[in-house]
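Chemist: Have a look at this one before I ask anything.
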Amino acid sequence: MVRLNEHAQPEAVAVGLDLTDRLTQGELRTEQLPWTKGKCFRGSAYVGGFVEWKRSFESLNDEKQSLCLNLWVNDVLVQSASLSEMTLSPAVQVEELLTWAPVSAGDYLFTGTPAGVGQLHPNDRVYATLESQDGTILSFIETQCQ
């Protein structure tokens with residue numbers, strides 16, 4: 001995830017988990033209602049520690065220096081991907097947001113979901129990292145599902 005500065009540019013990066021209550025989301029979709037409730041619940045988002053990012057949005061997707069997201073559930077690696085593999089780049093996301101949303105300094109931008117999305121269960125142990133190309137862990141989350 002990216003924390004934005006006053007110019008809607010990246011000022012810091014961190015690993016973030018943006019969870020969805022799929023059952024609620026599905027029910028709301030069936031009723032053709034907004035599915036915000038499926039994204040906004042206690043424990044729906046976890047954010048690791050931020051590290052300063054003085055480079056551009058484009059550098060987040062540069063294949064040679066791109067950051068990598070990893071997620072383990074119960075010690076099994078279930079997601080691993082470079083930010084360069086995301087369908088929509090953070091630059092495209094923020095560009096679109098600026099056309100309709102009030103974007104302010106300090107806002108968080110979740111950058112995408114690697115392949116391997118799966119259901120979490122009570123007592124699952126979750127560990128996620130944001131790593132540099134050389135494997136240095138820049139940010140991490142370690143938690144247990146309730």
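Labels used: A, B, ... for chains in the order of the structure tokens, numbers from 1 for residues in each chain, and numbers from 1 for ligands as shown.
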Contacts of Gly49 of chain A at 7 Å or less, counting only C-alpha atoms, minus same-chain residues fewer than 5 places along, as an mmCIF file with C-alpha atoms, in the first residue's frame?
Modeler:
data_model
loop_
_atom_site.group_PDB
_atom_site.id
_atom_site.type_symbol
_atom_site.label_atom_id
_atom_site.label_comp_id
_atom_site.auth_asym_id
_atom_site.auth_seq_id
_atom_site.Cartn_x
_atom_site.Cartn_y
_atom_site.Cartn_z
ATOM 1 C CA ALA A 14 3.844 -0.579 3.619
ATOM 2 C CA SER A 139 7.222 -3.837 6.158
ATOM 3 C CA PHE A 140 5.396 -6.797 7.693
#
Chemist: Could you pull the residues within 8 Å of segment 17-31 of chain A, counting only C-alpha atoms, minus those fewer than 3 positions along the same chain, as a list in words?
Modeler: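 Final neighbour list, sorted by chain and number: Pro34, Trp35, Thr36, Lys37, Gly38, Lys39, Ser44, Ala45, Tyr46, Val47 and Phe110 of chain A.
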Chemist: Atoms to include: C-alpha atoms. Write the selected residues as a short mmCIF file (atom, residue, chain, number, x, y, z; two decimals), in the first residue's frame.
Modeler:
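Below you can see part26.cif, which holds the result:
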data_model
loop_
_atom_site.label_atom_id
_atom_site.label_comp_id
_atom_site.auth_asym_id
_atom_site.auth_seq_id
_atom_site.Cartn_x
_atom_site.Cartn_y
_atom_site.Cartn_z
CA PRO A 34 -23.58 -1.24 -2.74
CA TRP A 35 -21.26 -3.80 -1.16
CA THR A 36 -19.34 -1.41 1.06
CA LYS A 37 -20.54 -3.38 4.10
CA GLY A 38 -18.54 -6.34 2.79
CA LYS A 39 -15.35 -4.25 3.00
CA SER A 44 -11.08 -5.64 7.60
CA ALA A 45 -7.74 -3.93 7.05
CA TYR A 46 -4.28 -4.45 8.51
CA VAL A 47 -1.35 -2.17 7.80
CA PHE A 110 -4.10 -0.29 -1.54
#
Chemist: Rounded to one decimal in Å, what is the spacing between atom CA of Gly135 of chain A and atom CA of Asn74 of chain A?
Modeler: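 Those two atoms sit 21.0 Å apart.
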Chemist: Pick the closest to Gln79 of chain A from A:Gly118, A:Pro10, A:Gly16, A:Gly48: which is it, counting only C-alpha atoms?
Modeler: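 Closest to Gln79 of chain A, using only C-alpha atoms: A:Gly118.
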Chemist: So that I can see what lies close to Leu109 of chain A, please list as an MDAnalysis selection string the residues with an atom at most 7 Å from it, counting only C-alpha atoms and leaving out residues fewer than 5 positions away in the same chain.
Modeler: chainID A and resid 1:3
Chemist: Please run DSSP on the backbone and report, as a ChimeraX atom specification, all residues within segment 20-134 of chain A that come out as strand (DSSP E or B).
Modeler: /A:45-47,51-52,68-73,76-82,108-109,125-131
Chemist: Work out how far apart atom CA of Val51 of chain A and atom CA of Leu138 of chain A are and give it in Å to one decimal.
Modeler: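 Between atom CA of Val51 of chain A and atom CA of Leu138 of chain A the gap is 6.7 Å.
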Chemist: Mind checking DSSP for chain A and telling me the alpha helix (DSSP H) residues as a list in words?
Modeler: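 Here is the list: Arg22, Leu23, Thr24, Gln25, Gly26, Glu27, Leu28, Arg29, Thr30, Phe57, Glu58, Ser59, Leu60, Pro90, Ala91, Val92, Gln93, Val94, Glu95, Glu96 and Leu97 of chain A.
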Chemist: Which of these residues is nearest to Asp124 of chain A, using only C-alpha atoms: A:Val103, A:Glu96, A:Val76, A:Thr136?
Modeler: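 Counting only C-alpha atoms, the residue closest to Asp124 of chain A is A:Val76.
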